[in-house]
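> I have a structure I would like to understand better, so I am pasting it below and will then ask my questions one at a time.
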Amino acid sequence: MLYDVTFPKLTAKTEKGMLVSWLKNVGDFIEKDEVLYEVETDKAVHEIECPYSGIVTKHYQPEGTVLYLNDLVAQIEEASL
Amino acid sequence: MTQIKPRIRFNQQKVTQMNQIMSQLALNTVCSEASCPNLGECYTNGTATFMILGKHCSRNCRFCDVTFGHMEAVDPLEPIHLAKASQQLELGHVVITSVARDDLADGGASQFAKTIAALKEQSPDTKIEVLIPDFLGNPDSLDQIIQAKPDIINHNIETVARLSKQVRHRATYERSLSVLHYIHTQAPNIYTKTGIMLGLGETKEEVEQAMTDALAVGVDFFTIGQYLQPSSRHYPLKEYVPADTFKDYYRLGMAKGFKFVASSPTVRSSYRAKEALTLGGHSI
């Protein structure tokens, strides 16, 4: 099953952040709660954990993109049990 | 300065769970409203600092990301809701702070007192820490807090004396010290706590003087953390203070006589607050 990962609400005031690096490439396997990508905001660099286990099938955004709330970030094909 | 910004893990599922609990009970956290960088870690560990009396503040301090103005009505159910949330989250140590409410006659002190009472009724063994505004130095308001008997009363001086006027709004270094002194003298059995941010342009001598001043008014616990500028509209960040300097301040504070000092870039006044109470009087 395919799942889209979207840019989450980091805090009440955080509306955007820059995607500074991908920690998993397309084709890589990722475990749930492993870090998928990093986003820089005014205050910190947030290491965003992946909500699913599976294969990264798509990066919707390249590094350097400014992400806004609910932007599509990646697609994960969930590992079958 | 990218590489020295704090790195924070963010687990969307756990943060969403916490947000849902808060939203169902119409509660706010300072973690979220002030864009605390530790939010992901604390929420993941099932802890949060409640912020009562709304999410709009009557002061506009230049370091702070909480929204200024447009004050909200006080929610009479908030104390009970907060006690419920604390029970739901199984918090052994609850930290409650508030926005400043200079628009209310008691500055919101009675809401603090009601919240402490609700918590004590719901979970008698839970330790309660309050991080209060200065209540304009009003002794009646401070008495309400003291009589509610929290375990720790925290009031932050926020920065060194010289920078207070530029960084804070309608608050003064002297009044904050007098608030802490009043609490210490009226309730010597309640721990007092204060803290400062570094990176605003303070000198080492000024930091040491702030420690001396806090000790002189009877403060037990002292916290030191790195200031992070919320946006370009806020007070400009002057420097990221090296981690070793924070360690030096920890040693200095303990040597000067605080019961507990928390000093590192990620420290906030309520970050791992439980440790101050469990380790108070001992070295970390």
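Chain labels run A, B, ... following the order of the structure tokens; each chain numbers its residues from 1, and ligands are numbered from 1 in the order shown.
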Select all residues from chain A having any atom no more than 10 Å from an atom of chain B (counting only C-alpha atoms, ignoring ligands), output as a VMD selection string.
chain A and resid 7 to 14 32 to 35 38 to 51
> Which residues come within 9 Å of range 56-71 of chain A, counting only C-alpha atoms, excluding same-chain residues fewer than 4 positions away, as a list in words?
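Contacts, in chain order: Leu2, Val5, Thr6, Phe7, Pro8, Lys9, Leu10, Thr14, Glu15, Lys16, Gly17, Met18, Leu19, Val20, Ser21, Trp22, Lys24, Asn25, Val26, Gly27, Asp28, Phe29, Ile30, Val39, Gln75, Ile76, Glu77 and Glu78 of chain A.
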> How would you write, as a count of residues only, the set of residues in range 102-276 of chain B that DSSP gives as alpha helix (DSSP H)?
72
> As a PyMOL selection string, which residues of chain A does DSSP assign to strand (DSSP E)?
chain A and resi 2-6+16-22+29-30+35-40+45-49+54-59+66-68+72-78
> For the residues in that selection, give me C-alpha atoms as a short mmCIF file (atom, residue, chain, number, x, y, z; two decimals), in the first residue's frame.

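What follows is the written file out_26.cif:
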data_model
loop_
_atom_site.label_atom_id
_atom_site.label_comp_id
_atom_site.auth_asym_id
_atom_site.auth_seq_id
_atom_site.Cartn_x
_atom_site.Cartn_y
_atom_site.Cartn_z
CA LEU A 2 1.28 3.48 -0.87
CA TYR A 3 1.32 6.25 1.74
CA ASP A 4 2.08 9.92 1.26
CA VAL A 5 4.18 11.62 3.94
CA THR A 6 3.23 15.26 4.42
CA LYS A 16 7.25 26.44 7.06
CA GLY A 17 10.75 25.02 7.10
CA MET A 18 13.52 24.27 4.65
CA LEU A 19 14.11 20.68 3.65
CA VAL A 20 17.86 20.56 4.25
CA SER A 21 18.56 16.87 3.68
CA TRP A 22 17.11 13.52 2.82
CA PHE A 29 13.99 0.69 3.08
CA ILE A 30 13.00 2.71 6.13
CA VAL A 35 14.58 9.71 10.44
CA LEU A 36 13.43 10.30 6.84
CA TYR A 37 14.44 13.94 6.32
CA GLU A 38 15.63 17.06 8.12
CA VAL A 39 13.95 20.45 8.14
CA GLU A 40 15.47 23.70 9.35
CA VAL A 45 16.91 21.50 12.78
CA HIS A 46 14.10 18.96 13.09
CA GLU A 47 14.83 15.34 12.33
CA ILE A 48 11.49 14.10 11.04
CA GLU A 49 10.73 10.47 11.72
CA GLY A 54 8.53 0.41 3.84
CA ILE A 55 10.34 1.41 0.69
CA VAL A 56 10.80 5.08 -0.17
CA THR A 57 9.24 5.26 -3.63
CA LYS A 58 9.25 9.00 -4.23
CA HIS A 59 10.80 12.26 -3.03
CA VAL A 66 10.78 25.47 1.56
CA LEU A 67 8.03 23.20 2.86
CA TYR A 68 4.66 24.49 4.05
CA LEU A 72 3.66 16.35 0.09
CA VAL A 73 7.16 15.27 1.02
CA ALA A 74 7.63 11.59 0.20
CA GLN A 75 5.82 8.44 -0.76
CA ILE A 76 6.33 5.16 1.09
CA GLU A 77 5.27 1.71 -0.10
CA GLU A 78 4.42 -0.01 3.12
#
> What gap, in Å, lies between CA of Thr159 in chain B and CA of Val267 in chain B?
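Distance reported for this atom pair: 14.2 Å.
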> Could I get the residues of range 253-275 of chain B with an atom no further than 8 Å from an atom of range 210-217 of chain B, each paired with its nearest atom pair and that distance in Å to one decimal, using only C-alpha atoms, sorted by chain and residue number, as JSON lines?

{"residue": "B:Gly253", "atom": "CA", "partner": "B:Met211", "partner_atom": "CA", "distance": 6.8}
{"residue": "B:Lys256", "atom": "CA", "partner": "B:Thr212", "partner_atom": "CA", "distance": 7.7}
{"residue": "B:Gly257", "atom": "CA", "partner": "B:Leu215", "partner_atom": "CA", "distance": 7.4}
{"residue": "B:Phe258", "atom": "CA", "partner": "B:Leu215", "partner_atom": "CA", "distance": 7.0}
